[in-house]
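Structure below is final-v4.cif: mmCIF, C-alpha atoms and all ligand atoms.
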```cif
data_start
loop_
_atom_site.group_PDB
_atom_site.id
_atom_site.type_symbol
_atom_site.label_atom_id
_atom_site.label_comp_id
_atom_site.auth_asym_id
_atom_site.auth_seq_id
_atom_site.Cartn_x
_atom_site.Cartn_y
_atom_site.Cartn_z
ATOM 1 C CA MET O 1 -21.944 -13.041 31.683
ATOM 2 C CA THR O 2 -19.210 -15.222 32.932
ATOM 3 C CA GLY O 3 -18.503 -13.903 36.393
ATOM 4 C CA THR O 4 -14.770 -13.998 35.905
ATOM 5 C CA ALA O 5 -14.050 -10.287 35.934
ATOM 6 C CA ALA O 6 -12.164 -8.742 38.790
ATOM 7 C CA ASP O 7 -14.342 -7.222 41.459
ATOM 8 C CA SER O 8 -13.679 -3.562 40.852
ATOM 9 C CA ILE O 9 -16.647 -2.095 42.695
ATOM 10 C CA THR O 10 -16.125 -0.363 45.971
ATOM 11 C CA PRO O 11 -19.003 -1.288 48.296
ATOM 12 C CA PRO O 12 -20.782 1.899 49.321
ATOM 13 C CA ASP O 13 -22.017 2.444 52.844
ATOM 14 C CA ALA O 14 -25.073 0.198 52.923
ATOM 15 C CA ALA O 15 -26.945 2.273 55.460
ATOM 16 C CA ALA O 16 -26.719 5.367 53.280
ATOM 17 C CA THR O 17 -27.639 3.936 49.908
ATOM 18 C CA ALA O 18 -31.292 2.961 49.983
ATOM 19 C CA LEU O 19 -33.480 4.495 47.336
ATOM 20 C CA ALA O 20 -36.806 5.501 48.848
ATOM 21 C CA VAL O 21 -40.101 6.187 47.100
ATOM 22 C CA ARG O 22 -42.605 7.997 49.315
ATOM 23 C CA ASP O 23 -46.296 8.540 48.459
ATOM 24 C CA VAL O 24 -45.522 9.092 44.792
ATOM 25 C CA GLN O 25 -48.279 9.965 42.341
ATOM 26 C CA PHE O 26 -47.896 10.435 38.619
ATOM 27 C CA ARG O 27 -50.009 11.097 35.502
ATOM 28 C CA TYR O 28 -48.666 11.572 32.003
ATOM 29 C CA ARG O 29 -51.365 14.179 31.227
ATOM 30 C CA ALA O 30 -53.137 16.599 33.558
ATOM 31 C CA ASN O 31 -56.537 14.999 32.962
ATOM 32 C CA GLY O 32 -55.216 11.531 32.214
ATOM 33 C CA PRO O 33 -55.357 8.427 34.384
ATOM 34 C CA THR O 34 -53.191 8.110 37.478
ATOM 35 C CA VAL O 35 -50.420 5.775 36.354
ATOM 36 C CA VAL O 36 -48.539 5.640 39.663
ATOM 37 C CA ASP O 37 -50.947 5.893 42.548
ATOM 38 C CA ASN O 38 -49.610 6.792 45.966
ATOM 39 C CA VAL O 39 -46.699 4.368 45.814
ATOM 40 C CA SER O 40 -44.222 3.948 48.643
ATOM 41 C CA ALA O 41 -41.377 1.452 48.651
ATOM 42 C CA THR O 42 -37.772 1.157 49.748
ATOM 43 C CA LEU O 43 -34.992 -0.280 47.639
ATOM 44 C CA ALA O 44 -32.531 -1.954 49.939
ATOM 45 C CA PRO O 45 -28.792 -1.968 49.253
ATOM 46 C CA GLY O 46 -27.227 -5.414 49.083
ATOM 47 C CA LYS O 47 -30.408 -6.952 47.707
ATOM 48 C CA VAL O 48 -31.918 -7.925 44.395
ATOM 49 C CA THR O 49 -35.475 -6.630 44.288
ATOM 50 C CA CYS O 50 -37.750 -7.831 41.498
ATOM 51 C CA LEU O 51 -40.571 -5.560 40.352
ATOM 52 C CA LEU O 52 -43.469 -7.606 39.017
ATOM 53 C CA GLY O 53 -46.938 -6.839 37.726
ATOM 54 C CA PRO O 54 -49.164 -7.180 34.674
ATOM 55 C CA ASN O 55 -48.781 -5.101 31.519
ATOM 56 C CA ALA O 56 -49.520 -1.400 32.073
ATOM 57 C CA ALA O 57 -49.271 -1.783 35.875
ATOM 58 C CA GLY O 58 -46.923 1.218 35.963
ATOM 59 C CA LYS O 59 -43.586 -0.556 36.428
ATOM 60 C CA SER O 60 -41.572 1.266 33.741
ATOM 61 C CA THR O 61 -43.109 4.568 34.772
ATOM 62 C CA LEU O 62 -42.071 3.988 38.386
ATOM 63 C CA VAL O 63 -38.525 3.164 37.260
ATOM 64 C CA LYS O 64 -38.354 6.400 35.237
ATOM 65 C CA LEU O 65 -39.591 8.327 38.277
ATOM 66 C CA MET O 66 -36.877 6.686 40.395
ATOM 67 C CA LEU O 67 -34.276 7.769 37.856
ATOM 68 C CA GLY O 68 -35.530 11.351 37.912
ATOM 69 C CA GLN O 69 -36.513 11.125 34.224
ATOM 70 C CA LEU O 70 -40.128 11.900 35.152
ATOM 71 C CA GLU O 71 -41.290 14.258 37.846
ATOM 72 C CA PRO O 72 -43.897 13.072 40.369
ATOM 73 C CA LEU O 73 -47.088 15.078 40.853
ATOM 74 C CA ALA O 74 -46.823 14.396 44.573
ATOM 75 C CA GLY O 75 -44.485 12.558 46.899
ATOM 76 C CA ALA O 76 -40.707 12.242 46.975
ATOM 77 C CA ILE O 77 -37.917 10.002 45.731
ATOM 78 C CA THR O 78 -34.567 10.041 47.480
ATOM 79 C CA VAL O 79 -31.254 8.343 46.800
ATOM 80 C CA ALA O 80 -28.906 8.079 49.751
ATOM 81 C CA GLY O 81 -31.197 10.568 51.476
ATOM 82 C CA GLU O 82 -31.002 13.177 48.695
ATOM 83 C CA PRO O 83 -33.954 14.057 46.450
ATOM 84 C CA VAL O 84 -33.229 12.509 43.057
ATOM 85 C CA ALA O 85 -34.607 15.584 41.282
ATOM 86 C CA SER O 86 -32.003 17.877 42.806
ATOM 87 C CA LEU O 87 -28.965 15.640 42.272
ATOM 88 C CA PRO O 88 -26.467 17.164 39.850
ATOM 89 C CA ALA O 89 -26.663 15.187 36.597
ATOM 90 C CA ALA O 90 -23.130 13.786 36.836
ATOM 91 C CA ARG O 91 -23.672 12.522 40.380
ATOM 92 C CA ARG O 92 -27.021 11.045 39.432
ATOM 93 C CA ALA O 93 -25.272 9.191 36.596
ATOM 94 C CA ARG O 94 -22.581 7.885 38.941
ATOM 95 C CA TRP O 95 -25.116 6.753 41.543
ATOM 96 C CA LEU O 96 -27.888 5.329 39.358
ATOM 97 C CA SER O 97 -27.423 3.146 36.319
ATOM 98 C CA TYR O 98 -30.225 1.990 34.074
ATOM 99 C CA VAL O 99 -30.927 -0.650 31.480
ATOM 100 C CA PRO O 100 -33.927 0.559 29.469
ATOM 101 C CA GLN O 101 -36.693 -1.714 28.260
ATOM 102 C CA ARG O 102 -36.123 -0.513 24.729
ATOM 103 C CA GLY O 103 -33.691 1.810 23.197
ATOM 104 C CA GLY O 104 -30.702 1.287 21.103
ATOM 105 C CA VAL O 105 -27.839 3.347 19.924
ATOM 106 C CA GLN O 106 -28.514 4.735 16.458
ATOM 107 C CA PHE O 107 -24.970 5.518 15.417
ATOM 108 C CA ALA O 108 -22.208 3.238 14.266
ATOM 109 C CA PHE O 109 -20.496 2.854 17.639
ATOM 110 C CA THR O 110 -18.617 -0.309 18.490
ATOM 111 C CA VAL O 111 -19.647 -2.409 21.473
ATOM 112 C CA ARG O 112 -16.630 -1.164 23.438
ATOM 113 C CA GLU O 113 -17.575 2.461 22.679
ATOM 114 C CA VAL O 114 -21.172 1.924 23.816
ATOM 115 C CA VAL O 115 -19.966 0.338 27.075
ATOM 116 C CA ALA O 116 -17.487 3.223 27.493
ATOM 117 C CA MET O 117 -20.447 5.656 27.432
ATOM 118 C CA GLY O 118 -21.266 4.277 30.876
ATOM 119 C CA ARG O 119 -18.043 5.835 32.182
ATOM 120 C CA PHE O 120 -18.793 9.318 30.863
ATOM 121 C CA ALA O 121 -19.857 10.736 34.219
ATOM 122 C CA ALA O 122 -17.006 9.075 36.136
ATOM 123 C CA GLY O 123 -14.244 10.239 33.819
ATOM 124 C CA THR O 124 -11.563 8.437 35.825
ATOM 125 C CA SER O 125 -8.325 6.802 34.835
ATOM 126 C CA SER O 126 -9.772 3.402 35.800
ATOM 127 C CA ALA O 127 -12.225 3.612 32.886
ATOM 128 C CA GLY O 128 -10.449 0.917 30.859
ATOM 129 C CA GLN O 129 -10.597 -1.569 33.726
ATOM 130 C CA ALA O 130 -14.283 -0.972 34.360
ATOM 131 C CA ILE O 131 -15.058 -1.361 30.647
ATOM 132 C CA ASP O 132 -13.032 -4.578 30.324
ATOM 133 C CA ALA O 133 -14.647 -6.033 33.459
ATOM 134 C CA ALA O 134 -18.138 -5.228 32.141
ATOM 135 C CA LEU O 135 -17.331 -6.766 28.746
ATOM 136 C CA ILE O 136 -16.099 -9.940 30.450
ATOM 137 C CA ASP O 137 -19.022 -10.093 32.879
ATOM 138 C CA CYS O 138 -21.509 -9.796 30.026
ATOM 139 C CA ASP O 139 -19.724 -12.297 27.763
ATOM 140 C CA LEU O 140 -18.991 -9.678 25.109
ATOM 141 C CA LEU O 141 -15.242 -9.840 24.652
ATOM 142 C CA ASP O 142 -15.497 -11.617 21.315
ATOM 143 C CA VAL O 143 -17.770 -8.909 19.858
ATOM 144 C CA ALA O 144 -16.125 -5.895 21.558
ATOM 145 C CA ASP O 145 -14.988 -4.355 18.253
ATOM 146 C CA ARG O 146 -18.150 -5.030 16.284
ATOM 147 C CA VAL O 147 -20.687 -2.323 15.460
ATOM 148 C CA PHE O 148 -23.531 -2.279 18.002
ATOM 149 C CA ALA O 149 -26.287 -1.862 15.407
ATOM 150 C CA GLU O 150 -25.197 -5.045 13.624
ATOM 151 C CA LEU O 151 -25.568 -7.317 16.671
ATOM 152 C CA SER O 152 -28.491 -9.589 17.489
ATOM 153 C CA GLY O 153 -31.225 -8.389 19.869
ATOM 154 C CA GLY O 154 -29.842 -10.423 22.777
ATOM 155 C CA GLN O 155 -26.271 -9.275 22.163
ATOM 156 C CA GLN O 156 -27.455 -5.647 22.075
ATOM 157 C CA GLN O 157 -29.283 -6.185 25.360
ATOM 158 C CA ARG O 158 -26.086 -7.528 26.928
ATOM 159 C CA VAL O 159 -24.195 -4.455 25.689
ATOM 160 C CA LEU O 160 -26.707 -2.176 27.446
ATOM 161 C CA ILE O 161 -26.317 -4.259 30.615
ATOM 162 C CA ALA O 162 -22.519 -3.966 30.308
ATOM 163 C CA ARG O 163 -22.839 -0.186 29.871
ATOM 164 C CA ALA O 164 -24.839 -0.028 33.123
ATOM 165 C CA MET O 165 -22.278 -2.293 34.839
ATOM 166 C CA ALA O 166 -19.458 0.013 33.777
ATOM 167 C CA GLN O 167 -21.471 3.026 34.903
ATOM 168 C CA SER O 168 -22.122 1.590 38.369
ATOM 169 C CA THR O 169 -18.451 0.780 38.977
ATOM 170 C CA GLY O 170 -17.061 2.948 41.748
ATOM 171 C CA GLU O 171 -19.809 5.103 43.230
ATOM 172 C CA GLY O 172 -22.852 3.120 42.060
ATOM 173 C CA ARG O 173 -25.731 3.026 44.530
ATOM 174 C CA ALA O 174 -28.476 1.388 42.512
ATOM 175 C CA MET O 175 -28.903 -0.430 39.226
ATOM 176 C CA LEU O 176 -32.366 -0.368 37.696
ATOM 177 C CA LEU O 177 -33.058 -2.834 34.896
ATOM 178 C CA ASP O 178 -36.327 -2.757 32.960
ATOM 179 C CA GLU O 179 -37.085 -6.208 31.535
ATOM 180 C CA PRO O 180 -33.430 -6.840 30.745
ATOM 181 C CA GLY O 181 -34.036 -10.467 29.822
ATOM 182 C CA SER O 182 -36.616 -10.086 27.077
ATOM 183 C CA HIS O 183 -34.141 -11.050 24.318
ATOM 184 C CA LEU O 184 -31.746 -13.228 26.284
ATOM 185 C CA ASP O 185 -31.353 -16.966 25.829
ATOM 186 C CA LEU O 186 -31.829 -19.097 28.927
ATOM 187 C CA ARG O 187 -28.152 -19.339 29.817
ATOM 188 C CA HIS O 188 -27.543 -15.608 29.502
ATOM 189 C CA LEU O 189 -30.761 -14.883 31.409
ATOM 190 C CA HIS O 190 -29.645 -16.922 34.416
ATOM 191 C CA ALA O 191 -26.106 -15.570 34.098
ATOM 192 C CA LEU O 192 -27.576 -12.053 34.217
ATOM 193 C CA MET O 193 -29.524 -12.779 37.399
ATOM 194 C CA GLN O 194 -26.423 -14.300 39.005
ATOM 195 C CA LEU O 195 -24.451 -11.237 37.959
ATOM 196 C CA MET O 196 -27.076 -9.011 39.595
ATOM 197 C CA ARG O 197 -26.751 -11.044 42.788
ATOM 198 C CA ARG O 198 -23.027 -10.395 42.738
ATOM 199 C CA GLN O 199 -23.684 -6.690 42.171
ATOM 200 C CA ALA O 200 -25.953 -6.733 45.225
ATOM 201 C CA LYS O 201 -23.268 -8.517 47.273
ATOM 202 C CA ARG O 202 -20.932 -5.659 46.412
ATOM 203 C CA GLY O 203 -23.399 -3.321 48.113
ATOM 204 C CA LEU O 204 -25.571 -2.061 45.267
ATOM 205 C CA ALA O 205 -29.334 -1.935 45.401
ATOM 206 C CA VAL O 206 -30.549 -3.807 42.323
ATOM 207 C CA LEU O 207 -34.078 -3.505 40.918
ATOM 208 C CA VAL O 208 -35.060 -5.798 38.052
ATOM 209 C CA VAL O 209 -38.430 -5.483 36.298
ATOM 210 C CA LEU O 210 -39.497 -8.981 35.297
ATOM 211 C CA HIS O 211 -42.488 -10.867 33.972
ATOM 212 C CA ASP O 212 -41.196 -14.346 34.786
ATOM 213 C CA LEU O 213 -42.452 -15.369 38.246
ATOM 214 C CA ASN O 214 -40.108 -18.338 38.368
ATOM 215 C CA LEU O 215 -37.058 -16.235 37.621
ATOM 216 C CA ALA O 216 -38.081 -13.864 40.416
ATOM 217 C CA ALA O 217 -38.767 -16.823 42.714
ATOM 218 C CA ARG O 218 -35.265 -18.109 42.094
ATOM 219 C CA TYR O 219 -33.247 -14.904 42.437
ATOM 220 C CA ALA O 220 -35.178 -12.190 44.291
ATOM 221 C CA ASP O 221 -34.354 -11.193 47.836
ATOM 222 C CA ALA O 222 -37.328 -8.827 47.841
ATOM 223 C CA VAL O 223 -40.314 -8.340 45.556
ATOM 224 C CA TRP O 224 -42.434 -5.332 44.649
ATOM 225 C CA LEU O 225 -45.774 -6.227 43.070
ATOM 226 C CA MET O 226 -47.682 -3.519 41.178
ATOM 227 C CA ASP O 227 -51.171 -3.534 39.678
ATOM 228 C CA HIS O 228 -53.141 -0.626 38.190
ATOM 229 C CA GLY O 229 -50.570 1.886 39.401
ATOM 230 C CA LYS O 230 -50.591 0.705 43.006
ATOM 231 C CA MET O 231 -47.983 -1.164 45.005
ATOM 232 C CA VAL O 232 -50.080 -4.196 45.922
ATOM 233 C CA ALA O 233 -47.379 -5.943 47.920
ATOM 234 C CA GLU O 234 -43.796 -5.235 48.922
ATOM 235 C CA GLY O 235 -41.590 -7.439 51.043
ATOM 236 C CA PRO O 236 -39.217 -10.393 51.213
ATOM 237 C CA TRP O 237 -39.734 -12.868 48.353
ATOM 238 C CA HIS O 238 -41.523 -15.453 50.480
ATOM 239 C CA ALA O 239 -44.122 -12.914 51.626
ATOM 240 C CA VAL O 240 -45.067 -11.834 48.087
ATOM 241 C CA LEU O 241 -44.443 -14.857 45.873
ATOM 242 C CA ARG O 242 -47.459 -16.796 47.074
ATOM 243 C CA PRO O 243 -50.465 -17.969 45.049
ATOM 244 C CA ASP O 244 -52.913 -16.083 47.304
ATOM 245 C CA VAL O 245 -51.056 -12.802 46.643
ATOM 246 C CA LEU O 246 -50.356 -13.376 42.927
ATOM 247 C CA THR O 247 -53.644 -14.909 41.756
ATOM 248 C CA PRO O 248 -55.831 -11.799 42.190
ATOM 249 C CA VAL O 249 -53.240 -9.631 40.422
ATOM 250 C CA TYR O 250 -52.608 -11.867 37.407
ATOM 251 C CA GLY O 251 -56.009 -13.593 37.148
ATOM 252 C CA LEU O 252 -54.209 -16.920 37.062
ATOM 253 C CA LYS O 253 -54.660 -19.980 39.212
ATOM 254 C CA LEU O 254 -51.192 -20.886 40.407
ATOM 255 C CA GLU O 255 -49.725 -23.803 42.256
ATOM 256 C CA ALA O 256 -46.444 -23.313 44.129
ATOM 257 C CA LEU O 257 -44.372 -26.475 43.783
ATOM 258 C CA SER O 258 -41.874 -26.709 46.583
ATOM 259 C CA GLY O 259 -38.322 -26.226 45.433
ATOM 260 C CA ASP O 260 -35.056 -27.861 46.377
ATOM 261 C CA GLU O 261 -33.760 -27.561 49.876
ATOM 262 C CA ASP O 262 -30.397 -26.614 48.349
ATOM 263 C CA ASP O 263 -32.112 -23.655 46.802
ATOM 264 C CA ASP O 264 -33.582 -22.279 49.984
ATOM 265 C CA GLY O 265 -36.871 -24.076 49.302
ATOM 266 C CA ARG O 266 -37.755 -21.488 46.672
ATOM 267 C CA PRO O 267 -40.977 -22.350 44.850
ATOM 268 C CA VAL O 268 -41.599 -23.037 41.182
ATOM 269 C CA PHE O 269 -44.993 -21.780 39.988
ATOM 270 C CA ARG O 270 -47.227 -23.841 37.747
ATOM 271 C CA VAL O 271 -50.200 -22.214 36.067
ATOM 272 C CA THR O 272 -53.242 -24.410 36.675
ATOM 273 C CA GLY O 273 -55.881 -22.165 35.124
ATOM 274 C CA VAL O 274 -56.698 -18.776 33.661
ATOM 275 C CA ARG O 275 -59.543 -17.027 35.422
HETATM 276 N N1 LIG T 301 -45.286 8.300 27.432
HETATM 277 C C1 LIG T 301 -46.505 7.967 27.824
HETATM 278 N N2 LIG T 301 -47.566 8.783 27.623
HETATM 279 C C2 LIG T 301 -48.813 8.453 28.048
HETATM 280 N N3 LIG T 301 -49.107 7.312 28.691
HETATM 281 C C3 LIG T 301 -48.096 6.455 28.920
HETATM 282 C C4 LIG T 301 -46.756 6.733 28.496
HETATM 283 N N4 LIG T 301 -45.970 5.689 28.875
HETATM 284 C C5 LIG T 301 -46.778 4.802 29.486
HETATM 285 N N5 LIG T 301 -48.041 5.263 29.516
HETATM 286 C C6 LIG T 301 -49.214 4.582 30.121
HETATM 287 O O1 LIG T 301 -48.934 4.392 31.505
HETATM 288 C C7 LIG T 301 -49.445 3.124 31.935
HETATM 289 C C8 LIG T 301 -48.308 2.349 32.605
HETATM 290 O O2 LIG T 301 -47.313 2.067 31.605
HETATM 291 P P1 LIG T 301 -45.929 1.401 31.995
HETATM 292 O O3 LIG T 301 -45.118 1.350 30.755
HETATM 293 O O4 LIG T 301 -45.384 2.116 33.172
HETATM 294 O O5 LIG T 301 -46.421 -0.051 32.423
HETATM 295 P P2 LIG T 301 -45.588 -1.384 32.685
HETATM 296 O O6 LIG T 301 -46.093 -1.959 33.959
HETATM 297 O O7 LIG T 301 -44.131 -1.125 32.578
HETATM 298 O O8 LIG T 301 -46.096 -2.282 31.470
HETATM 299 P P3 LIG T 301 -45.407 -3.454 30.594
HETATM 300 O O9 LIG T 301 -45.319 -4.675 31.482
HETATM 301 O O10 LIG T 301 -46.420 -3.655 29.510
HETATM 302 O O11 LIG T 301 -44.081 -2.979 30.094
HETATM 303 C C9 LIG T 301 -50.033 2.450 30.706
HETATM 304 O O12 LIG T 301 -51.432 2.616 30.706
HETATM 305 C C10 LIG T 301 -49.410 3.188 29.548
HETATM 306 O O13 LIG T 301 -50.272 3.216 28.447
#
```

This structure in structure tokens:
Amino acid sequence: MTGTAADSITPPDAAATALAVRDVQFRYRANGPTVVDNVSATLAPGKVTCLLGPNAAGKSTLVKLMLGQLEPLAGAITVAGEPVASLPAARRARWLSYVPQRGGVQFAFTVREVVAMGRFAAGTSSAGQAIDAALIDCDLLDVADRVFAELSGGQQQRVLIARAMAQSTGEGRAMLLDEPGSHLDLRHLHALMQLMRRQAKRGLAVLVVLHDLNLAARYADAVWLMDHGKMVAEGPWHAVLRPDVLTPVYGLKLEALSGDEDDDGRPVFRVTGVR
């Protein structure tokens, strides 16, 4: 993730690209627990939104609902005003790109071939450019011809990010990343968040599921906070990333150390106790 690739993304019309979740409910089984409980939230174009919450809060499930991979029991999800469920598959793939929490490629594809899969729905002549740009952005040029399955966990994660980058080139509306940093070293983790900020500047709505409060505090424009299937808080980072909002959700005593003025005064959280 070097940030040197040419900017090949056409900014979509910001006003038309928000992804909206309205009163969504979901259970995996008819008599099972409600995993997403009456959630409403809006994903703004041009912004990096971080989705936070404890384990089993429902974050990955909400992301899969937003992608149309799961069907809500009630409520609606729209992308650019259109219900995600009724989008033709190819358009859905051009509009929404996804980095899964887990999930590799089982076959002996090279890195370049895996990234090229992101262009399948676009099928344009600019495919090569988008693939090269994604490989450069994700610092993968030196392993582009290696077999995906033989890479380290962090390298594989960067390949999946590059595939989503290639996929979002052109008509991309939103990128949804589910814990994309779990295998990344510190430099690549920060490079990824900076890359997502650039994606947002190009007009995409970016949603990143994270566990690291300090990473969210540094890079988020907006934050969604989930707990037990509910959206506990949603808003600009400074309205959500506060000890009084976070402590009841995480059961942690937190102190917000004031950050640098150069960095917008963004806080750094210190854990002072476990409740
Ligand atoms: N395929 C499934 N079938 C049944 N229950 C599931 C399935 N996937 C997730 N769940 C349940 O749904 C709840 C929410 O899971 P989800 O993966 O959405 O949480 P999460 O907030 O992403 O958690 P984590 O931070 O641990 O990744 C959990 O109780 C989980 O056990």

Exercise for the section: Can you pull out every residue within 12 Å of Ser152 of chain O, counting all atoms listed in the file, but drop anything in the same chain fewer than 6 positions away, and send it as a PyMOL selection string? Expected result: chain O and resi 104+143+146+158-159+183-185

Practice task
Could you expand the PyMOL selection byres (((chain O and resi 169) around 9) and not hetatm) into the explicit residues it covers here, written as number ranges by chain?
Solution key: O: 8-10, 94, 119, 122, 130, 164-168, 170-172

Practice task
Pick out the closest residue to Asp221 of chain O from this set: O:Gly46, O:Gly265, O:Gly181, O:Gly251. Count only C-alpha atoms.
Solution key: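 Comparing O:Gly46, O:Gly265, O:Gly181, O:Gly251 against Asp221 of chain O, the winner is O:Gly46.
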
Handout entry: the PyMOL selection byres (((not hetatm)) within 6 of (chain T and resi 301)) resolved against shown file, as a PyMOL selection string
Key = chain O and resi 28+35+54-61

Centre and edge lengths of an axis-aligned box around all listed atoms of segment 205-211 of chain O, with 8 Å added on each side, are to be given in Å to one decimal, as AutoDock Vina command-line options.
```
--center_x -35.9 --center_y -6.4 --center_z 39.7 --size_x 29.2 --size_y 24.9 --size_z 27.4
```

Practice task
Select, from O:Phe107, O:Trp237, O:Phe269, O:Phe120, the residue with the minimum atom-to-atom distance to Phe148 of chain O, counting all atoms listed in the file.
Solution key: O:Phe107

Practice task
For Ala41 of chain O, please output as a PyMOL selection string all residues within 7 Å (counting only C-alpha atoms; exclusion window: fewer than 3 positions along the same chain).
Solution key: chain O and resi 20-22

Practice task
Choose the residue, out of O:Glu71, O:Glu255, O:Glu234, O:Asp227, that has the smallest atom-to-atom separation from Asn214 of chain O; count only C-alpha atoms.
Solution key: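 Of O:Glu71, O:Glu255, O:Glu234, O:Asp227, the one nearest Asn214 of chain O is O:Glu255, counting only C-alpha atoms.
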
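Once only C-alpha atoms are considered, the residues situated within 8 Å of the file point (-37.7, 10.9, 40.7) turn out to be O:Lys64, O:Leu65, O:Met66, O:Leu67, O:Gly68, O:Gln69, O:Leu70, O:Glu71, O:Pro72, O:Ala76, O:Ile77, O:Thr78, O:Pro83, O:Val84, O:Ala85.
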
Practice task
Might you pull out every residue within 10 Å of Gln199 of chain O, with all atoms listed in the file counted and same-chain residues fewer than 4 positions away left off, and present them as a list in words?
Solution key: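 Those residues are Asp7, Ile9, Pro11, Pro45, Gly46, Lys47, Val48, Met165, Ser168, Thr169, Gly172, Ala174, Met175, Met193, Gln194, Leu195, Gly203, Leu204, Ala205 and Val206 of chain O.
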
When the PyMOL selection byres (((chain O and resi 105) around 10) and not hetatm) is applied to the file above, which residues end up in the set, as a compact mmCIF listing (two decimals) with C-alpha atoms, in the frame of the given file?
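What ended up in out29.txt:
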```txt
# COMPACT_ATOMS: atom_id res chain seq x y z
CA GLY O 103 -33.69 1.81 23.20
CA GLY O 104 -30.70 1.29 21.10
CA GLN O 106 -28.51 4.74 16.46
CA PHE O 107 -24.97 5.52 15.42
CA ALA O 108 -22.21 3.24 14.27
CA PHE O 109 -20.50 2.85 17.64
CA VAL O 114 -21.17 1.92 23.82
CA PHE O 148 -23.53 -2.28 18.00
CA ALA O 149 -26.29 -1.86 15.41
CA GLN O 156 -27.46 -5.65 22.08
CA LEU O 160 -26.71 -2.18 27.45
```
